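Shown next: structure33.txt, containing compact mmCIF, N, CA and C atoms.
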# COMPACT_ATOMS: atom_id res chain seq x y z
N MET A 20 0.82 -1.19 0.00
CA MET A 20 0.00 0.00 0.00
C MET A 20 0.88 1.27 0.00
N ILE A 21 1.95 1.24 0.77
CA ILE A 21 2.84 2.39 0.83
C ILE A 21 3.47 2.62 -0.54
N ARG A 22 3.96 1.57 -1.16
CA ARG A 22 4.57 1.72 -2.49
C ARG A 22 3.54 2.19 -3.52
N ALA A 23 2.32 1.70 -3.45
CA ALA A 23 1.27 2.12 -4.39
C ALA A 23 0.97 3.61 -4.21
N ASP A 24 0.92 4.07 -2.96
CA ASP A 24 0.72 5.51 -2.71
C ASP A 24 1.86 6.32 -3.31
N HIS A 25 3.07 5.85 -3.11
CA HIS A 25 4.23 6.55 -3.66
C HIS A 25 4.11 6.67 -5.18
N THR A 26 3.76 5.57 -5.82
CA THR A 26 3.64 5.56 -7.28
C THR A 26 2.59 6.55 -7.76
N ARG A 27 1.44 6.59 -7.09
CA ARG A 27 0.37 7.52 -7.49
C ARG A 27 0.80 8.98 -7.34
N VAL A 28 1.47 9.30 -6.26
CA VAL A 28 1.90 10.69 -6.03
C VAL A 28 2.98 11.08 -7.03
N VAL A 29 3.92 10.20 -7.28
CA VAL A 29 4.98 10.51 -8.25
C VAL A 29 4.37 10.70 -9.64
N ALA A 30 3.39 9.89 -10.00
CA ALA A 30 2.71 10.06 -11.29
C ALA A 30 2.02 11.41 -11.36
N ALA A 31 1.40 11.83 -10.29
CA ALA A 31 0.75 13.15 -10.26
C ALA A 31 1.79 14.26 -10.39
N PHE A 32 2.92 14.11 -9.74
CA PHE A 32 4.00 15.10 -9.87
C PHE A 32 4.37 15.28 -11.35
N HIS A 33 4.45 14.19 -12.08
CA HIS A 33 4.84 14.25 -13.49
C HIS A 33 3.80 14.94 -14.38
N ARG A 34 2.57 15.02 -13.90
CA ARG A 34 1.53 15.70 -14.68
C ARG A 34 1.56 17.22 -14.47
N TYR A 35 2.28 17.68 -13.46
CA TYR A 35 2.34 19.11 -13.15
C TYR A 35 3.31 19.80 -14.10
N LYS A 36 2.84 20.84 -14.74
CA LYS A 36 3.68 21.66 -15.63
C LYS A 36 3.50 23.12 -15.25
N ALA A 37 4.59 23.85 -15.20
CA ALA A 37 4.53 25.26 -14.82
C ALA A 37 3.68 26.08 -15.78
N ASP A 38 3.58 25.65 -17.03
CA ASP A 38 2.81 26.41 -18.01
C ASP A 38 1.37 25.91 -18.16
N SER A 39 0.94 25.01 -17.28
CA SER A 39 -0.45 24.54 -17.30
C SER A 39 -1.39 25.65 -16.83
N SER A 40 -2.65 25.47 -17.10
CA SER A 40 -3.64 26.45 -16.65
C SER A 40 -3.70 26.46 -15.12
N PRO A 41 -4.08 27.60 -14.53
CA PRO A 41 -4.20 27.65 -13.08
C PRO A 41 -5.14 26.58 -12.52
N ALA A 42 -6.23 26.31 -13.21
CA ALA A 42 -7.17 25.29 -12.72
C ALA A 42 -6.54 23.91 -12.70
N ARG A 43 -5.77 23.58 -13.73
CA ARG A 43 -5.09 22.27 -13.78
C ARG A 43 -4.04 22.17 -12.68
N LYS A 44 -3.26 23.23 -12.50
CA LYS A 44 -2.26 23.24 -11.43
C LYS A 44 -2.92 23.00 -10.07
N GLN A 45 -3.99 23.75 -9.83
CA GLN A 45 -4.68 23.65 -8.55
C GLN A 45 -5.26 22.24 -8.34
N ALA A 46 -5.78 21.64 -9.39
CA ALA A 46 -6.33 20.29 -9.28
C ALA A 46 -5.23 19.28 -8.95
N ILE A 47 -4.10 19.39 -9.61
CA ILE A 47 -2.99 18.45 -9.35
C ILE A 47 -2.45 18.66 -7.94
N VAL A 48 -2.24 19.91 -7.56
CA VAL A 48 -1.73 20.20 -6.22
C VAL A 48 -2.71 19.69 -5.17
N GLY A 49 -4.00 19.90 -5.38
CA GLY A 49 -5.00 19.42 -4.43
C GLY A 49 -4.97 17.91 -4.28
N LEU A 50 -4.87 17.20 -5.41
CA LEU A 50 -4.79 15.74 -5.39
C LEU A 50 -3.55 15.28 -4.64
N VAL A 51 -2.42 15.89 -4.95
CA VAL A 51 -1.16 15.50 -4.31
C VAL A 51 -1.22 15.77 -2.81
N CYS A 52 -1.65 16.95 -2.43
CA CYS A 52 -1.68 17.31 -1.00
C CYS A 52 -2.62 16.41 -0.21
N THR A 53 -3.80 16.14 -0.74
CA THR A 53 -4.75 15.26 -0.07
C THR A 53 -4.17 13.86 0.06
N SER A 54 -3.56 13.37 -1.00
CA SER A 54 -2.96 12.03 -0.98
C SER A 54 -1.82 11.95 0.03
N LEU A 55 -0.97 12.97 0.04
CA LEU A 55 0.16 12.97 0.97
C LEU A 55 -0.28 13.01 2.42
N LEU A 56 -1.28 13.82 2.72
CA LEU A 56 -1.75 13.91 4.10
C LEU A 56 -2.37 12.59 4.57
N ALA A 57 -3.14 11.94 3.71
CA ALA A 57 -3.73 10.65 4.08
C ALA A 57 -2.63 9.60 4.25
N HIS A 58 -1.67 9.60 3.36
CA HIS A 58 -0.56 8.66 3.42
C HIS A 58 0.25 8.87 4.71
N ALA A 59 0.57 10.11 5.01
CA ALA A 59 1.36 10.42 6.21
C ALA A 59 0.62 9.99 7.47
N ARG A 60 -0.68 10.22 7.49
CA ARG A 60 -1.46 9.83 8.67
C ARG A 60 -1.41 8.32 8.88
N MET A 61 -1.57 7.57 7.80
CA MET A 61 -1.51 6.11 7.91
C MET A 61 -0.14 5.67 8.42
N GLU A 62 0.90 6.26 7.87
CA GLU A 62 2.24 5.88 8.32
C GLU A 62 2.45 6.25 9.79
N GLU A 63 2.05 7.45 10.16
CA GLU A 63 2.28 7.93 11.53
C GLU A 63 1.46 7.17 12.57
N GLU A 64 0.28 6.71 12.18
CA GLU A 64 -0.59 6.04 13.15
C GLU A 64 -0.41 4.52 13.17
N ILE A 65 0.06 3.94 12.08
CA ILE A 65 0.13 2.48 12.01
C ILE A 65 1.56 1.98 11.75
N PHE A 66 2.12 2.39 10.62
CA PHE A 66 3.40 1.81 10.19
C PHE A 66 4.57 2.25 11.06
N TYR A 67 4.72 3.54 11.29
CA TYR A 67 5.87 4.00 12.07
C TYR A 67 5.87 3.45 13.50
N PRO A 68 4.72 3.44 14.19
CA PRO A 68 4.75 2.84 15.54
C PRO A 68 5.17 1.37 15.52
N ALA A 69 4.72 0.64 14.50
CA ALA A 69 5.12 -0.77 14.39
C ALA A 69 6.63 -0.89 14.16
N MET A 70 7.16 -0.03 13.31
CA MET A 70 8.60 -0.07 13.04
C MET A 70 9.40 0.38 14.25
N ARG A 71 8.88 1.37 14.97
CA ARG A 71 9.56 1.82 16.19
C ARG A 71 9.58 0.67 17.21
N ALA A 72 8.47 -0.03 17.34
CA ALA A 72 8.39 -1.16 18.28
C ALA A 72 9.35 -2.28 17.88
N ALA A 73 9.63 -2.38 16.58
CA ALA A 73 10.56 -3.40 16.09
C ALA A 73 12.01 -2.95 16.20
N GLY A 74 12.23 -1.72 16.68
CA GLY A 74 13.58 -1.24 16.91
C GLY A 74 14.18 -0.38 15.82
N SER A 75 13.38 0.08 14.87
CA SER A 75 13.91 0.93 13.80
C SER A 75 14.22 2.32 14.32
N ALA A 76 15.44 2.77 14.10
CA ALA A 76 15.85 4.11 14.51
C ALA A 76 15.56 5.14 13.44
N MET A 77 15.21 4.71 12.26
CA MET A 77 15.01 5.61 11.13
C MET A 77 13.71 6.39 11.20
N VAL A 78 12.76 5.91 11.97
CA VAL A 78 11.43 6.50 12.01
C VAL A 78 11.47 7.98 12.43
N GLU A 79 12.33 8.34 13.34
CA GLU A 79 12.39 9.73 13.81
C GLU A 79 12.69 10.69 12.66
N ASP A 80 13.65 10.33 11.82
CA ASP A 80 13.99 11.19 10.68
C ASP A 80 12.83 11.29 9.71
N LEU A 81 12.16 10.18 9.47
CA LEU A 81 11.03 10.19 8.53
C LEU A 81 9.88 11.02 9.07
N GLU A 82 9.65 10.98 10.37
CA GLU A 82 8.59 11.80 10.95
C GLU A 82 8.91 13.28 10.83
N SER A 83 10.17 13.65 10.97
CA SER A 83 10.53 15.07 10.80
C SER A 83 10.34 15.49 9.34
N GLU A 84 10.57 14.57 8.40
CA GLU A 84 10.31 14.88 6.99
C GLU A 84 8.81 15.08 6.76
N HIS A 85 7.99 14.33 7.47
CA HIS A 85 6.54 14.52 7.36
C HIS A 85 6.15 15.92 7.84
N GLN A 86 6.77 16.38 8.90
CA GLN A 86 6.45 17.71 9.41
C GLN A 86 6.81 18.79 8.39
N GLU A 87 7.96 18.65 7.76
CA GLU A 87 8.36 19.61 6.73
C GLU A 87 7.38 19.57 5.56
N MET A 88 6.97 18.37 5.17
CA MET A 88 6.00 18.22 4.09
C MET A 88 4.68 18.91 4.45
N LYS A 89 4.23 18.72 5.66
CA LYS A 89 2.97 19.34 6.11
C LYS A 89 3.07 20.86 6.11
N THR A 90 4.23 21.38 6.45
CA THR A 90 4.45 22.82 6.42
C THR A 90 4.33 23.34 4.99
N LEU A 91 4.95 22.66 4.05
CA LEU A 91 4.86 23.06 2.64
C LEU A 91 3.43 22.93 2.12
N ILE A 92 2.72 21.90 2.53
CA ILE A 92 1.32 21.73 2.11
C ILE A 92 0.48 22.89 2.64
N ALA A 93 0.70 23.28 3.88
CA ALA A 93 -0.03 24.41 4.44
C ALA A 93 0.28 25.69 3.67
N GLN A 94 1.54 25.88 3.31
CA GLN A 94 1.92 27.07 2.55
C GLN A 94 1.24 27.11 1.19
N ILE A 95 1.32 26.03 0.46
CA ILE A 95 0.77 26.04 -0.90
C ILE A 95 -0.76 26.06 -0.86
N SER A 96 -1.35 25.51 0.19
CA SER A 96 -2.80 25.54 0.32
C SER A 96 -3.33 26.96 0.53
N GLY A 97 -2.48 27.83 1.04
CA GLY A 97 -2.86 29.22 1.24
C GLY A 97 -2.54 30.11 0.05
N MET A 98 -2.12 29.52 -1.04
CA MET A 98 -1.73 30.29 -2.23
C MET A 98 -2.71 30.05 -3.37
N GLU A 99 -2.62 30.91 -4.35
CA GLU A 99 -3.34 30.75 -5.61
C GLU A 99 -2.32 30.33 -6.67
N PRO A 100 -2.74 29.57 -7.68
CA PRO A 100 -1.80 29.14 -8.71
C PRO A 100 -1.07 30.29 -9.42
N GLN A 101 -1.65 31.47 -9.39
CA GLN A 101 -1.02 32.62 -10.05
C GLN A 101 0.05 33.28 -9.17
N ASP A 102 0.13 32.90 -7.90
CA ASP A 102 1.12 33.50 -6.99
C ASP A 102 2.53 33.18 -7.47
N ALA A 103 3.41 34.13 -7.27
CA ALA A 103 4.78 34.02 -7.77
C ALA A 103 5.51 32.79 -7.21
N GLN A 104 5.23 32.41 -5.99
CA GLN A 104 5.96 31.30 -5.35
C GLN A 104 5.25 29.95 -5.45
N TYR A 105 4.11 29.89 -6.14
CA TYR A 105 3.32 28.66 -6.21
C TYR A 105 4.12 27.52 -6.83
N ASP A 106 4.66 27.74 -8.02
CA ASP A 106 5.44 26.69 -8.69
C ASP A 106 6.66 26.29 -7.86
N ALA A 107 7.36 27.26 -7.33
CA ALA A 107 8.57 26.97 -6.55
C ALA A 107 8.23 26.18 -5.29
N THR A 108 7.13 26.53 -4.64
CA THR A 108 6.72 25.82 -3.43
C THR A 108 6.34 24.37 -3.76
N PHE A 109 5.62 24.19 -4.86
CA PHE A 109 5.26 22.83 -5.26
C PHE A 109 6.50 22.03 -5.64
N MET A 110 7.45 22.65 -6.32
CA MET A 110 8.69 21.96 -6.68
C MET A 110 9.48 21.57 -5.43
N GLU A 111 9.48 22.43 -4.43
CA GLU A 111 10.16 22.10 -3.17
C GLU A 111 9.46 20.91 -2.50
N LEU A 112 8.13 20.92 -2.50
CA LEU A 112 7.38 19.79 -1.95
C LEU A 112 7.72 18.52 -2.73
N MET A 113 7.76 18.63 -4.03
CA MET A 113 8.07 17.48 -4.88
C MET A 113 9.46 16.93 -4.54
N ARG A 114 10.46 17.79 -4.42
CA ARG A 114 11.81 17.33 -4.10
C ARG A 114 11.85 16.64 -2.73
N ASP A 115 11.19 17.25 -1.75
CA ASP A 115 11.18 16.66 -0.41
C ASP A 115 10.51 15.30 -0.41
N VAL A 116 9.39 15.19 -1.11
CA VAL A 116 8.67 13.92 -1.15
C VAL A 116 9.48 12.86 -1.88
N MET A 117 10.12 13.23 -2.98
CA MET A 117 10.94 12.26 -3.72
C MET A 117 12.08 11.74 -2.84
N HIS A 118 12.70 12.62 -2.08
CA HIS A 118 13.76 12.20 -1.15
C HIS A 118 13.19 11.25 -0.10
N HIS A 119 12.03 11.61 0.44
CA HIS A 119 11.38 10.80 1.46
C HIS A 119 11.02 9.41 0.91
N VAL A 120 10.46 9.39 -0.28
CA VAL A 120 10.09 8.12 -0.92
C VAL A 120 11.33 7.25 -1.11
N ALA A 121 12.41 7.84 -1.56
CA ALA A 121 13.65 7.08 -1.75
C ALA A 121 14.14 6.48 -0.44
N ASP A 122 14.11 7.28 0.64
CA ASP A 122 14.52 6.77 1.95
C ASP A 122 13.64 5.62 2.40
N GLU A 123 12.34 5.80 2.27
CA GLU A 123 11.42 4.75 2.72
C GLU A 123 11.58 3.47 1.91
N GLU A 124 11.64 3.63 0.60
CA GLU A 124 11.66 2.43 -0.24
C GLU A 124 13.00 1.70 -0.21
N THR A 125 14.10 2.41 -0.04
CA THR A 125 15.39 1.73 -0.05
C THR A 125 15.82 1.25 1.33
N MET A 126 15.34 1.91 2.38
CA MET A 126 15.80 1.53 3.71
C MET A 126 14.69 0.98 4.59
N LEU A 127 13.66 1.78 4.84
CA LEU A 127 12.66 1.37 5.82
C LEU A 127 11.80 0.20 5.33
N LEU A 128 11.34 0.23 4.11
CA LEU A 128 10.49 -0.86 3.63
C LEU A 128 11.28 -2.16 3.50
N SER A 129 12.53 -2.07 3.09
CA SER A 129 13.32 -3.30 3.01
C SER A 129 13.56 -3.87 4.43
N SER A 130 13.73 -2.99 5.39
CA SER A 130 13.86 -3.43 6.78
C SER A 130 12.57 -4.07 7.27
N ALA A 131 11.44 -3.46 6.93
CA ALA A 131 10.14 -4.00 7.35
C ALA A 131 9.91 -5.38 6.72
N GLU A 132 10.27 -5.51 5.47
CA GLU A 132 10.11 -6.80 4.80
C GLU A 132 10.98 -7.87 5.45
N ALA A 133 12.17 -7.50 5.85
CA ALA A 133 13.06 -8.46 6.51
C ALA A 133 12.51 -8.90 7.86
N LEU A 134 11.85 -7.97 8.54
CA LEU A 134 11.26 -8.32 9.85
C LEU A 134 10.07 -9.22 9.66
Could you write out this file's structure as structure tokens?
Amino acid sequence: MIRADHTRVVAAFHRYKADSSPARKQAIVGLVCTSLLAHARMEEEIFYPAMRAAGSAMVEDLESEHQEMKTLIAQISGMEPQDAQYDATFMELMRDVMHHVADEETMLLSSAEAL
């Protein structure tokens, strides 16, 4: 489920273009932000506690990445697609999420599978 969520969000990232219409940008950003918040909640309430109980030290770093992601989501949610920083804020969110996905998929998920 975690990998499927990652795939859906990354696919949505690829549909975002700076020269798209404001309505299309807003729709993609809304989809991504809603998906990320639901995904983070599931991880924070179910997966991370289980991994912490299994002795994973990586969870703390991933939770701090979630906080940064939530901050960026709050920022972009308060903007309009025409705002000067809209594209840059979404690109920053995209970079942070891609880094987070890489960490989870290469380290935490492989550890969970081994357990």
Which residue gives the smallest distance to A:Leu81 among A:Glu111, A:Asp106, A:Glu123, A:Glu132, with all atoms listed in the file counted?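 When distances to A:Leu81 are compared using all atoms listed in the file, the smallest one comes from A:Glu123.
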Margin query: Which polymer residues, whether protein, DNA or RNA, lie within 12 Å of the coordinate (-2.3, 16.4, 5.9) when you count only C-alpha atoms? List them as a ChimeraX atom specification, using the chain letters and numbers from the file.
Written below: /A:49-63,85-94,96
| DSSP-assigned helix (DSSP H, G or I) members of chain A, reported as a PyMOL selection string | chain A and resi 21-34+41-72+78-96+105-133
Worksheet item: What does the distance between atom C of A:Ile65 and atom C of A:Val48 come to in Å, to one decimal place?
Response: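 If I compute the distance from atom C of A:Ile65 to atom C of A:Val48, I get 24.9 Å.
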Axis-aligned box over every listed atom of stretch 112-131 of chain A, padded by 8 Å per side: centre and edges in Å to one decimal, as JSON?
{"center_x": 11.6, "center_y": 7.8, "center_z": 1.2, "size_x": 24.4, "size_y": 42.3, "size_z": 28.2}
- To one decimal place, how far is atom N of A:Glu64 from atom N of A:Glu82 in Å?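 Atom-to-atom, atom N of A:Glu64 to atom N of A:Glu82, that is 10.5 Å.
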In Å, with one decimal, what is the gap from atom N of A:Thr26 to atom CA of A:Met117?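 Atom-to-atom, atom N of A:Thr26 and atom CA of A:Met117 are spaced 10.0 Å apart.
For A:Met113, the set of protein, DNA and RNA residues having any atom at most 7 Å away, when counting only N, CA and C atoms and skipping those fewer than 5 positions along the same chain, is Phe32, Thr108 and His118 of chain A.
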Using only N, CA and C atoms, find the one residue out of A:Ala23, A:Ala31, A:Ala42, A:Met77 that sits nearest to A:Pro100.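 Among A:Ala23, A:Ala31, A:Ala42, A:Met77, it is A:Ala42 that comes nearest to A:Pro100.
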Non-local contacts of A:Leu128 (10 Å; only C-alpha atoms; under 5 positions in same chain excluded) as a JSON list (two decimals) with N, CA and C atoms, in the frame of the given file:
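Generated file (result12.json):
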[["chain", "number", "residue", "atom", "x", "y", "z"],
["A", 21, "ILE", "N", 1.95, 1.24, 0.77],
["A", 21, "ILE", "CA", 2.84, 2.39, 0.83],
["A", 21, "ILE", "C", 3.47, 2.62, -0.54],
["A", 22, "ARG", "N", 3.96, 1.57, -1.16],
["A", 22, "ARG", "CA", 4.57, 1.72, -2.49],
["A", 22, "ARG", "C", 3.54, 2.19, -3.52],
["A", 70, "MET", "N", 7.16, -0.03, 13.31],
["A", 70, "MET", "CA", 8.60, -0.07, 13.04],
["A", 70, "MET", "C", 9.40, 0.38, 14.25],
["A", 122, "ASP", "N", 14.11, 7.28, 0.64],
["A", 122, "ASP", "CA", 14.52, 6.77, 1.95],
["A", 122, "ASP", "C", 13.64, 5.62, 2.40],
["A", 123, "GLU", "N", 12.34, 5.80, 2.27],
["A", 123, "GLU", "CA", 11.42, 4.75, 2.72],
["A", 123, "GLU", "C", 11.58, 3.47, 1.91],
["A", 133, "ALA", "N", 12.17, -7.50, 5.85],
["A", 133, "ALA", "CA", 13.06, -8.46, 6.51],
["A", 133, "ALA", "C", 12.51, -8.90, 7.86],
["A", 134, "LEU", "N", 11.85, -7.97, 8.54],
["A", 134, "LEU", "CA", 11.26, -8.32, 9.85],
["A", 134, "LEU", "C", 10.07, -9.22, 9.66]]
Take stretch 106-117 of chain A, bring it up to all heavy atoms, and give me the output as a short mmCIF file (atom, residue, chain, number, x, y, z; two decimals), in the coordinates of the input.
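Final output, saved to rebuild_21.cif:
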data_model
loop_
_atom_site.label_atom_id
_atom_site.label_comp_id
_atom_site.auth_asym_id
_atom_site.auth_seq_id
_atom_site.Cartn_x
_atom_site.Cartn_y
_atom_site.Cartn_z
N ASP A 106 4.66 27.74 -8.02
CA ASP A 106 5.44 26.69 -8.69
C ASP A 106 6.66 26.29 -7.86
O ASP A 106 6.93 25.09 -7.70
CB ASP A 106 5.88 27.14 -10.08
CG ASP A 106 4.74 27.28 -11.07
OD1 ASP A 106 3.69 26.63 -10.88
OD2 ASP A 106 4.90 28.04 -12.03
N ALA A 107 7.36 27.26 -7.33
CA ALA A 107 8.57 26.97 -6.55
C ALA A 107 8.23 26.18 -5.29
O ALA A 107 8.96 25.25 -4.91
CB ALA A 107 9.29 28.26 -6.19
N THR A 108 7.13 26.53 -4.64
CA THR A 108 6.72 25.82 -3.43
C THR A 108 6.34 24.37 -3.76
O THR A 108 6.73 23.44 -3.05
CB THR A 108 5.55 26.54 -2.74
OG1 THR A 108 5.95 27.88 -2.45
CG2 THR A 108 5.14 25.85 -1.45
N PHE A 109 5.62 24.19 -4.86
CA PHE A 109 5.26 22.83 -5.26
C PHE A 109 6.50 22.03 -5.64
O PHE A 109 6.61 20.85 -5.31
CB PHE A 109 4.23 22.84 -6.39
CG PHE A 109 3.65 21.48 -6.66
CD1 PHE A 109 2.85 20.85 -5.72
CD2 PHE A 109 3.92 20.83 -7.84
CE1 PHE A 109 2.32 19.59 -5.95
CE2 PHE A 109 3.39 19.56 -8.10
CZ PHE A 109 2.58 18.95 -7.14
N MET A 110 7.45 22.65 -6.32
CA MET A 110 8.69 21.96 -6.68
C MET A 110 9.48 21.57 -5.43
O MET A 110 10.07 20.49 -5.37
CB MET A 110 9.55 22.82 -7.60
CG MET A 110 8.96 23.07 -8.96
SD MET A 110 8.65 21.55 -9.88
CE MET A 110 7.05 21.92 -10.55
N GLU A 111 9.48 22.43 -4.43
CA GLU A 111 10.16 22.10 -3.17
C GLU A 111 9.46 20.91 -2.50
O GLU A 111 10.13 19.98 -2.01
CB GLU A 111 10.17 23.30 -2.23
CG GLU A 111 10.92 23.06 -0.95
CD GLU A 111 10.99 24.27 -0.05
OE1 GLU A 111 10.55 25.37 -0.44
OE2 GLU A 111 11.47 24.11 1.09
N LEU A 112 8.13 20.92 -2.50
CA LEU A 112 7.38 19.79 -1.95
C LEU A 112 7.72 18.52 -2.73
O LEU A 112 7.98 17.46 -2.13
CB LEU A 112 5.88 20.07 -2.01
CG LEU A 112 4.96 18.94 -1.57
CD1 LEU A 112 5.18 18.60 -0.09
CD2 LEU A 112 3.50 19.31 -1.83
N MET A 113 7.76 18.63 -4.03
CA MET A 113 8.07 17.48 -4.88
C MET A 113 9.46 16.93 -4.54
O MET A 113 9.62 15.71 -4.38
CB MET A 113 8.01 17.90 -6.35
CG MET A 113 8.06 16.75 -7.32
SD MET A 113 8.12 17.22 -9.07
CE MET A 113 6.80 18.38 -9.23
N ARG A 114 10.46 17.79 -4.42
CA ARG A 114 11.81 17.33 -4.10
C ARG A 114 11.85 16.64 -2.73
O ARG A 114 12.46 15.57 -2.58
CB ARG A 114 12.79 18.50 -4.11
CG ARG A 114 13.27 18.91 -5.48
CD ARG A 114 14.40 19.93 -5.41
NE ARG A 114 14.03 21.15 -4.69
CZ ARG A 114 13.40 22.19 -5.22
NH1 ARG A 114 13.05 22.17 -6.49
NH2 ARG A 114 13.12 23.24 -4.49
N ASP A 115 11.19 17.25 -1.75
CA ASP A 115 11.18 16.66 -0.41
C ASP A 115 10.51 15.30 -0.41
O ASP A 115 10.99 14.35 0.23
CB ASP A 115 10.46 17.59 0.58
CG ASP A 115 11.27 18.81 0.95
OD1 ASP A 115 12.43 18.94 0.49
OD2 ASP A 115 10.74 19.66 1.70
N VAL A 116 9.39 15.19 -1.11
CA VAL A 116 8.67 13.92 -1.15
C VAL A 116 9.48 12.86 -1.88
O VAL A 116 9.54 11.70 -1.44
CB VAL A 116 7.26 14.10 -1.77
CG1 VAL A 116 6.61 12.76 -2.07
CG2 VAL A 116 6.38 14.93 -0.84
N MET A 117 10.12 13.23 -2.98
CA MET A 117 10.94 12.26 -3.72
C MET A 117 12.08 11.74 -2.84
O MET A 117 12.38 10.54 -2.85
CB MET A 117 11.48 12.88 -5.00
CG MET A 117 10.39 13.29 -5.99
SD MET A 117 9.39 11.93 -6.57
CE MET A 117 10.54 11.15 -7.66
#
